[in-house]
$ cat structure.cif   # mmCIF, C-alpha atoms
data_work
#
loop_
_atom_site.label_atom_id
_atom_site.label_comp_id
_atom_site.auth_asym_id
_atom_site.auth_seq_id
_atom_site.Cartn_x
_atom_site.Cartn_y
_atom_site.Cartn_z
CA MET M 1 -34.13 173.50 82.10
CA VAL M 2 -31.90 176.48 81.41
CA ARG M 3 -31.53 178.92 84.28
CA ARG M 4 -30.44 182.53 84.02
CA ARG M 5 -27.27 183.41 85.88
CA PRO M 6 -27.11 186.63 87.90
CA VAL M 7 -25.07 189.42 86.33
CA PRO M 8 -22.61 191.29 88.58
CA ALA M 9 -23.47 194.93 89.19
CA GLY M 10 -21.90 197.28 86.67
CA LYS M 11 -21.14 194.54 84.13
CA GLU M 12 -22.49 195.04 80.63
CA ILE M 13 -25.09 192.46 79.63
CA HIS M 14 -24.67 190.85 76.22
CA VAL M 15 -27.99 189.56 74.90
CA PRO M 16 -27.57 186.89 72.20
CA VAL M 17 -29.94 187.27 69.26
CA VAL M 18 -30.82 184.53 66.79
CA ASP M 19 -33.24 183.79 63.97
CA LEU M 20 -35.44 180.68 64.05
CA VAL M 21 -35.94 179.25 60.57
CA ALA M 22 -37.58 176.15 59.11
CA ASP M 23 -38.46 174.73 55.70
CA LEU M 24 -42.06 175.48 54.74
CA GLY M 25 -44.37 175.13 51.75
CA GLU M 26 -43.32 171.56 51.01
CA SER M 27 -46.82 170.28 50.33
CA PHE M 28 -47.75 169.55 46.72
CA GLY M 29 -51.18 169.20 45.14
CA ALA M 30 -53.23 166.82 47.29
CA TYR M 31 -50.21 165.84 49.41
CA THR M 32 -49.57 167.63 52.68
CA MET M 33 -46.18 167.72 54.40
CA GLY M 34 -45.16 169.30 57.67
CA ASN M 35 -47.04 171.33 60.25
CA ASP M 36 -46.67 174.72 58.62
CA ALA M 37 -49.55 176.47 60.38
CA GLU M 38 -48.33 175.49 63.85
CA LEU M 39 -44.65 175.97 63.04
CA LEU M 40 -45.21 179.50 61.76
CA ASN M 41 -46.15 180.55 65.29
CA LEU M 42 -42.62 179.62 66.42
CA LEU M 43 -40.53 181.05 63.59
CA THR M 44 -38.97 184.37 62.68
CA SER M 45 -37.99 183.26 59.13
CA ALA M 46 -39.00 180.58 56.63
CA ASN M 47 -37.31 178.76 53.76
CA VAL M 48 -40.10 178.43 51.19
CA ALA M 49 -39.98 175.60 48.63
CA CYS M 50 -39.98 176.94 45.08
CA GLY M 51 -41.57 174.07 43.16
CA PHE M 52 -38.60 171.94 42.11
CA HIS M 53 -38.46 169.56 45.10
CA ALA M 54 -41.83 170.45 46.63
CA GLY M 55 -44.47 173.15 46.56
CA ASP M 56 -46.70 174.37 43.78
CA PRO M 57 -48.21 177.76 42.87
CA ARG M 58 -51.12 177.38 45.32
CA VAL M 59 -48.86 176.24 48.16
CA MET M 60 -46.34 179.01 47.48
CA ASP M 61 -49.09 181.62 47.43
CA ALA M 62 -50.62 180.40 50.70
CA THR M 63 -47.24 180.05 52.42
CA VAL M 64 -46.04 183.54 51.53
CA ARG M 65 -49.40 185.01 52.59
CA ALA M 66 -49.20 183.20 55.95
CA CYS M 67 -45.64 184.42 56.50
CA VAL M 68 -46.67 188.02 55.84
CA GLU M 69 -49.65 187.74 58.19
CA ARG M 70 -47.37 186.55 61.02
CA GLY M 71 -44.41 188.83 60.31
CA VAL M 72 -42.15 185.91 59.33
CA GLY M 73 -39.32 186.66 56.91
CA VAL M 74 -39.49 184.87 53.54
CA GLY M 75 -36.52 183.09 52.02
CA ALA M 76 -36.15 181.01 48.85
CA HIS M 77 -35.42 177.28 49.17
CA PRO M 78 -34.25 176.24 45.69
CA SER M 79 -33.41 172.64 44.82
CA PHE M 80 -32.34 170.31 42.09
CA PRO M 81 -35.26 169.60 39.71
CA ASP M 82 -36.14 166.41 41.58
CA LEU M 83 -39.78 166.36 42.65
CA VAL M 84 -39.88 162.57 42.86
CA GLY M 85 -36.78 162.38 45.08
CA PHE M 86 -37.61 165.49 47.14
CA GLY M 87 -34.40 167.10 45.97
CA ARG M 88 -32.25 164.62 47.86
CA ARG M 89 -30.82 162.65 44.96
CA ALA M 90 -27.50 163.40 43.28
CA MET M 91 -27.93 164.87 39.79
CA ASP M 92 -25.12 165.51 37.34
CA LEU M 93 -26.00 169.11 36.53
CA THR M 94 -23.62 171.60 34.98
CA PRO M 95 -22.87 174.84 36.86
CA HIS M 96 -24.83 176.67 34.14
CA GLU M 97 -27.86 174.47 34.89
CA VAL M 98 -27.50 175.11 38.62
CA ARG M 99 -27.33 178.89 38.08
CA THR M 100 -30.36 179.01 35.79
CA ASP M 101 -32.39 176.57 37.90
CA VAL M 102 -31.78 178.69 41.02
CA LEU M 103 -32.69 181.88 39.13
CA TYR M 104 -35.88 180.25 37.82
CA GLN M 105 -37.01 179.21 41.29
CA VAL M 106 -36.19 182.52 42.97
CA GLY M 107 -38.03 184.31 40.20
CA ALA M 108 -41.12 182.16 40.75
CA LEU M 109 -41.17 182.83 44.48
CA SER M 110 -40.59 186.55 43.96
CA ALA M 111 -43.86 186.78 42.02
CA PHE M 112 -45.72 185.72 45.15
CA THR M 113 -43.72 187.89 47.53
CA ARG M 114 -44.43 190.88 45.31
CA ALA M 115 -48.13 190.00 45.18
CA HIS M 116 -48.25 189.95 48.99
CA GLY M 117 -46.26 193.14 49.53
CA THR M 118 -43.00 191.66 50.75
CA ARG M 119 -39.68 190.51 49.28
CA ILE M 120 -37.32 187.57 49.42
CA GLY M 121 -34.75 188.25 52.12
CA HIS M 122 -32.55 185.18 51.97
CA LEU M 123 -31.73 182.03 50.04
CA ALA M 124 -31.10 178.55 51.45
CA PRO M 125 -30.16 175.76 48.99
CA HIS M 126 -32.16 172.61 49.70
CA GLY M 127 -31.25 168.95 50.05
CA ARG M 128 -28.56 167.54 47.80
CA LEU M 129 -27.87 170.96 46.30
CA GLY M 130 -27.40 172.32 49.81
CA ASN M 131 -24.92 169.53 50.58
CA LEU M 132 -22.94 169.94 47.36
CA VAL M 133 -22.46 173.71 47.59
CA VAL M 134 -20.50 173.01 50.78
CA THR M 135 -18.01 170.78 48.93
CA ARG M 136 -18.19 171.79 45.24
CA ARG M 137 -16.84 175.22 44.44
CA ASP M 138 -18.31 175.21 40.92
CA TYR M 139 -21.80 174.73 42.35
CA ALA M 140 -21.17 177.35 45.03
CA GLU M 141 -20.08 179.82 42.37
CA ALA M 142 -23.19 179.01 40.31
CA VAL M 143 -25.46 179.82 43.27
CA ALA M 144 -23.49 183.00 43.95
CA ASP M 145 -23.88 183.98 40.28
CA ALA M 146 -27.65 183.54 40.58
CA VAL M 147 -27.80 185.64 43.75
CA GLU M 148 -25.72 188.42 42.20
CA ALA M 149 -27.93 188.43 39.10
CA PHE M 150 -31.20 188.50 41.04
CA ASP M 151 -30.42 190.59 44.14
CA PRO M 152 -26.90 190.86 45.64
CA SER M 153 -28.40 191.95 48.98
CA LEU M 154 -29.91 188.49 49.53
CA VAL M 155 -28.49 186.67 52.53
CA ILE M 156 -27.22 183.16 51.75
CA LEU M 157 -27.76 180.65 54.55
CA VAL M 158 -24.55 178.63 54.78
CA GLN M 159 -22.43 176.17 56.70
CA GLU M 160 -18.65 176.34 56.58
CA GLY M 161 -17.32 175.22 53.22
CA ALA M 162 -17.19 176.29 49.58
CA MET M 163 -20.41 178.33 49.59
CA ALA M 164 -19.33 180.36 52.59
CA ALA M 165 -15.88 180.95 51.09
CA VAL M 166 -17.22 182.06 47.70
CA ALA M 167 -19.75 184.39 49.31
CA ARG M 168 -17.09 186.04 51.45
CA GLU M 169 -14.78 186.48 48.47
CA ARG M 170 -17.55 188.22 46.53
CA GLY M 171 -18.79 190.32 49.42
CA LEU M 172 -22.18 188.57 49.53
CA ARG M 173 -24.04 188.46 52.81
CA THR M 174 -24.14 185.18 54.69
CA ALA M 175 -25.84 183.77 57.77
CA MET M 176 -24.38 180.77 59.54
CA VAL M 177 -26.95 178.05 60.21
CA GLY M 178 -26.85 175.97 63.39
CA ILE M 179 -28.37 172.49 63.12
CA ALA M 180 -28.29 171.02 66.59
CA ASP M 181 -29.96 167.70 65.73
CA ARG M 182 -27.10 166.82 63.36
CA ALA M 183 -23.71 165.45 64.37
CA TYR M 184 -20.65 167.52 63.41
CA GLU M 185 -17.23 166.43 62.21
CA ASP M 186 -14.09 167.91 63.76
CA ASP M 187 -13.77 170.33 60.81
CA GLY M 188 -17.21 171.82 61.48
CA THR M 189 -19.03 170.08 58.62
CA LEU M 190 -22.05 167.86 59.15
CA VAL M 191 -21.69 164.10 59.43
CA SER M 192 -23.13 162.49 56.31
CA ARG M 193 -26.68 161.18 56.69
CA SER M 194 -25.43 157.86 55.32
CA GLU M 195 -23.43 157.29 58.51
CA PRO M 196 -24.89 156.04 61.80
CA GLY M 197 -25.46 158.72 64.41
CA ALA M 198 -25.64 161.52 61.86
CA VAL M 199 -29.06 162.61 63.15
CA LEU M 200 -29.61 163.07 66.88
CA HIS M 201 -32.98 162.09 68.34
CA ASP M 202 -32.71 162.76 72.09
CA PRO M 203 -34.76 165.94 72.75
CA ASP M 204 -32.71 166.78 75.86
CA GLU M 205 -29.44 166.55 73.95
CA VAL M 206 -30.72 168.50 70.95
CA THR M 207 -32.11 171.30 73.12
CA ARG M 208 -28.95 171.50 75.23
CA ARG M 209 -26.75 171.66 72.12
CA THR M 210 -28.91 174.38 70.60
CA VAL M 211 -28.75 176.62 73.67
CA ARG M 212 -24.99 176.16 73.98
CA MET M 213 -24.48 176.82 70.30
CA VAL M 214 -26.28 180.16 70.55
CA THR M 215 -25.22 181.37 74.00
CA GLU M 216 -21.63 180.07 74.12
CA GLY M 217 -20.76 179.75 70.44
CA VAL M 218 -19.67 176.13 70.87
CA ILE M 219 -20.77 172.78 69.41
CA THR M 220 -19.27 169.40 70.34
CA SER M 221 -18.19 167.19 67.43
CA ARG M 222 -18.99 163.50 67.31
CA ASN M 223 -15.42 162.85 68.50
CA GLY M 224 -15.90 165.02 71.59
CA THR M 225 -14.07 168.12 70.35
CA ASP M 226 -15.56 171.50 71.25
CA LEU M 227 -15.75 173.60 68.09
CA PRO M 228 -16.25 177.37 67.95
CA VAL M 229 -19.31 178.21 65.84
CA ARG M 230 -21.15 181.33 64.80
CA THR M 231 -24.90 180.82 64.83
CA ASP M 232 -27.03 183.48 63.16
CA CYS M 233 -30.04 181.21 62.74
CA VAL M 234 -31.20 177.90 64.19
CA GLN M 235 -32.77 175.38 61.84
CA LEU M 236 -35.99 173.91 63.24
CA HIS M 237 -38.03 171.06 61.78
CA GLY M 238 -41.79 170.66 61.57
CA ASP M 239 -42.08 167.19 60.09
CA GLY M 240 -41.67 163.83 61.76
CA PRO M 241 -42.91 162.49 65.12
CA GLY M 242 -42.38 164.93 67.95
CA ALA M 243 -40.81 167.59 65.71
CA LEU M 244 -43.27 170.33 66.59
CA GLU M 245 -42.94 169.62 70.31
CA LEU M 246 -39.15 169.77 70.03
CA ALA M 247 -39.27 173.04 68.08
CA THR M 248 -41.54 174.52 70.77
CA ARG M 249 -39.16 173.38 73.48
CA ILE M 250 -36.09 174.78 71.72
CA ARG M 251 -37.75 178.17 71.31
CA GLY M 252 -38.78 178.21 74.97
CA GLU M 253 -35.35 177.16 76.26
CA LEU M 254 -33.60 179.78 74.17
CA GLN M 255 -35.86 182.47 75.57
CA ALA M 256 -35.35 181.15 79.10
CA ALA M 257 -31.60 181.48 78.53
CA GLY M 258 -32.06 185.17 77.69
CA VAL M 259 -31.77 184.84 73.92
CA ARG M 260 -33.69 187.37 71.82
CA LEU M 261 -35.45 185.92 68.79
CA ALA M 262 -35.56 188.13 65.70
CA PRO M 263 -35.87 187.95 61.90
CA LEU M 264 -32.64 187.47 60.01
CA HIS M 265 -32.34 191.08 58.88
CA ASP M 266 -32.42 192.18 62.52
CA VAL M 267 -29.81 189.59 63.52
CA LEU M 268 -27.39 190.65 60.79
CA GLY M 269 -28.19 194.35 60.69
CA ALA M 270 -28.77 196.47 57.60
CA PRO M 271 -26.71 195.67 54.48
CA ALA M 272 -23.78 197.90 53.72
CA ALA M 273 -24.56 200.83 51.43
#

$ encode --input "structure.cif" --output "structure tokens"
Amino acid sequence: MVRRRPVPAGKEIHVPVVDLVADLGESFGAYTMGNDAELLNLLTSANVACGFHAGDPRVMDATVRACVERGVGVGAHPSFPDLVGFGRRAMDLTPHEVRTDVLYQVGALSAFTRAHGTRIGHLAPHGRLGNLVVTRRDYAEAVADAVEAFDPSLVILVQEGAMAAVARERGLRTAMVGIADRAYEDDGTLVSRSEPGAVLHDPDEVTRRTVRMVTEGVITSRNGTDLPVRTDCVQLHGDGPGALELATRIRGELQAAGVRLAPLHDVLGAPAA
């Protein structure tokens, strides 16, 4: 349990603010994935699947409508064209293919956001694409090209690496994502899922790491090194045993620690004119 510490009289109180985001709309046809309805009650933003790794027109329509009804910010979650592999398989795409595939998916989602009176506020590359834009500059530049062509005010959800560097160079807006149930290397990148211990399963540890990440700006690497991190949004999960309970607990512990939860545009502030 996180306890609030008393603040000395006359000292200014700094209230951390963070966005809670999760991947939604990953059902397809007759197949249902995740606990979207329950998870939406915990979130301030959502990464919505755009049809290439999951989702279909009906699911996208229903997901965007549910986000609008609950005041949850909508973001695009584009992927490699890999419905069978859920976007997690390596594909030898050219940067031109990456750029046009991302544009295609964002365009599809924008039809539904427009129909429901909202807009896409951010973009979060999914799965293998999301991993590769951290390490491959050509892919990072392709995603940045797509964002600039569609809407340069979109916020790109990033981890440290090539995507973050390219976005900063081009003046694109970024939000740093904290993933407390993943192990970190000493350089601040995530431990590969192919290695043991890459995913953390102890709810106490995951919750404790999340609160520290947000309130202290620190995450401990798998080698025991404390790393400074900026956390604009916390990635929650709604699939898997106990995932919803853990997401509920993380939200509650953050609030108990005095953290304010807000949509991404409130966390980052208005874009520069």

$ residues_around --input "structure.cif" --residues "Leu190 (chain M)" --least-positions-apart "5" --cutoff "10 Å" --atoms "all atoms listed in the file" --output "compact mmCIF listing (two decimals) with C-alpha atoms, in the frame of the given file"
# COMPACT_ATOMS: atom_id res chain seq x y z
CA ASN M 131 -24.92 169.53 50.58
CA VAL M 134 -20.50 173.01 50.78
CA GLN M 159 -22.43 176.17 56.70
CA GLU M 160 -18.65 176.34 56.58
CA ILE M 179 -28.37 172.49 63.12
CA ARG M 182 -27.10 166.82 63.36
CA ALA M 183 -23.71 165.45 64.37
CA TYR M 184 -20.65 167.52 63.41
CA GLU M 185 -17.23 166.43 62.21
CA ALA M 198 -25.64 161.52 61.86
CA VAL M 199 -29.06 162.61 63.15
CA SER M 221 -18.19 167.19 67.43
CA ARG M 222 -18.99 163.50 67.31

$ residues_around --input "structure.cif" --residues "Val206 (chain M)" --least-positions-apart "2" --cutoff "9 Å" --atoms "all atoms listed in the file" --output "ChimeraX atom specification"
/M:180-182,200-204,208-211,246,250

$ closest_residue --input "structure.cif" --among "M:Ala149, M:Ala115, M:Leu154, M:Val143" --to "Val166 (chain M)" --atoms "all atoms listed in the file"
M:Val143

$ closest_residue --input "structure.cif" --among "M:Arg170, M:Cys67, M:Leu109, M:Val15" --to "Arg260 (chain M)" --atoms "all atoms listed in the file"
M:Val15

$ residues_near_point --input "structure.cif" --point "(-25.1, 182.2, 43.0)" --cutoff "12 Å" --atoms "all atoms listed in the file" --output "PyMOL selection string"
chain M and resi 78+95-103+106+123-125+133+137-157+162-164+166-167+170+172-173

$ atom_distance --input "structure.cif" --atom1 "CA of Phe80 (chain M)" --atom2 "CA of Arg128 (chain M)"
7.4 Å

$ atom_distance --input "structure.cif" --atom1 "CA of Gly252 (chain M)" --atom2 "CA of Asp232 (chain M)"
17.5 Å

$ residues_around --input "structure.cif" --residues "region 86-92 of chain M" --least-positions-apart "2" --cutoff "12 Å" --atoms "all atoms listed in the file" --output "number ranges by chain"
M: 26-28, 33, 49-55, 77-84, 94-98, 125-132, 139, 193

$ decode --input "structure.cif" --residues "region 202-224 of chain M" --atoms "N, CA, C and O atoms" --output "compact mmCIF listing (two decimals), in the first residue's frame"
# COMPACT_ATOMS: atom_id res chain seq x y z
N ASP M 202 4.75 -10.72 -10.81
CA ASP M 202 4.39 -10.48 -9.40
C ASP M 202 3.61 -9.17 -9.30
O ASP M 202 4.18 -8.09 -9.55
N PRO M 203 2.32 -9.21 -8.94
CA PRO M 203 1.52 -7.97 -8.88
C PRO M 203 2.10 -6.93 -7.94
O PRO M 203 2.04 -5.72 -8.23
N ASP M 204 2.67 -7.36 -6.81
CA ASP M 204 3.26 -6.41 -5.87
C ASP M 204 4.43 -5.68 -6.51
O ASP M 204 4.57 -4.45 -6.39
N GLU M 205 5.29 -6.43 -7.19
CA GLU M 205 6.46 -5.82 -7.82
C GLU M 205 6.04 -4.88 -8.95
O GLU M 205 6.57 -3.76 -9.07
N VAL M 206 5.11 -5.32 -9.78
CA VAL M 206 4.68 -4.49 -10.90
C VAL M 206 4.05 -3.19 -10.41
O VAL M 206 4.34 -2.10 -10.92
N THR M 207 3.20 -3.28 -9.41
CA THR M 207 2.56 -2.08 -8.87
C THR M 207 3.58 -1.14 -8.25
O THR M 207 3.55 0.08 -8.48
N ARG M 208 4.50 -1.69 -7.48
CA ARG M 208 5.53 -0.87 -6.83
C ARG M 208 6.39 -0.16 -7.88
O ARG M 208 6.69 1.03 -7.73
N ARG M 209 6.78 -0.88 -8.93
CA ARG M 209 7.60 -0.28 -9.98
C ARG M 209 6.84 0.83 -10.71
O ARG M 209 7.41 1.86 -11.08
N THR M 210 5.55 0.62 -10.93
CA THR M 210 4.75 1.63 -11.62
C THR M 210 4.70 2.92 -10.82
O THR M 210 4.91 4.02 -11.35
N VAL M 211 4.39 2.81 -9.53
CA VAL M 211 4.28 4.00 -8.69
C VAL M 211 5.61 4.73 -8.62
O VAL M 211 5.68 5.96 -8.72
N ARG M 212 6.70 3.99 -8.48
CA ARG M 212 8.02 4.64 -8.41
C ARG M 212 8.38 5.30 -9.73
O ARG M 212 8.96 6.39 -9.77
N MET M 213 8.04 4.65 -10.81
CA MET M 213 8.31 5.20 -12.14
C MET M 213 7.65 6.56 -12.31
O MET M 213 8.23 7.50 -12.85
N VAL M 214 6.41 6.67 -11.85
CA VAL M 214 5.64 7.90 -12.04
C VAL M 214 6.00 8.96 -11.01
O VAL M 214 6.18 10.13 -11.35
N THR M 215 6.12 8.58 -9.75
CA THR M 215 6.32 9.57 -8.69
C THR M 215 7.78 9.96 -8.49
O THR M 215 8.07 11.09 -8.09
N GLU M 216 8.71 9.03 -8.77
CA GLU M 216 10.13 9.33 -8.56
C GLU M 216 10.91 9.45 -9.86
O GLU M 216 12.05 9.93 -9.86
N GLY M 217 10.34 9.01 -10.97
CA GLY M 217 11.05 9.05 -12.23
C GLY M 217 12.21 8.09 -12.30
O GLY M 217 13.24 8.38 -12.92
N VAL M 218 12.04 6.90 -11.69
CA VAL M 218 13.12 5.92 -11.62
C VAL M 218 12.56 4.53 -11.90
O VAL M 218 11.47 4.18 -11.44
N ILE M 219 13.32 3.73 -12.68
CA ILE M 219 13.01 2.32 -12.86
C ILE M 219 14.31 1.54 -12.65
O ILE M 219 15.39 2.02 -13.02
N THR M 220 14.22 0.37 -12.02
CA THR M 220 15.40 -0.44 -11.77
C THR M 220 15.58 -1.46 -12.89
O THR M 220 14.65 -2.19 -13.23
N SER M 221 16.78 -1.49 -13.48
CA SER M 221 17.06 -2.42 -14.56
C SER M 221 17.18 -3.84 -14.01
O SER M 221 17.25 -4.05 -12.80
N ARG M 222 17.25 -4.81 -14.90
CA ARG M 222 17.34 -6.20 -14.46
C ARG M 222 18.68 -6.48 -13.76
O ARG M 222 18.81 -7.48 -13.07
N ASN M 223 19.65 -5.58 -13.96
CA ASN M 223 20.95 -5.74 -13.29
C ASN M 223 21.04 -4.93 -12.00
O ASN M 223 22.11 -4.83 -11.41
N GLY M 224 19.90 -4.33 -11.60
CA GLY M 224 19.87 -3.61 -10.33
C GLY M 224 20.25 -2.15 -10.41
O GLY M 224 20.40 -1.49 -9.37
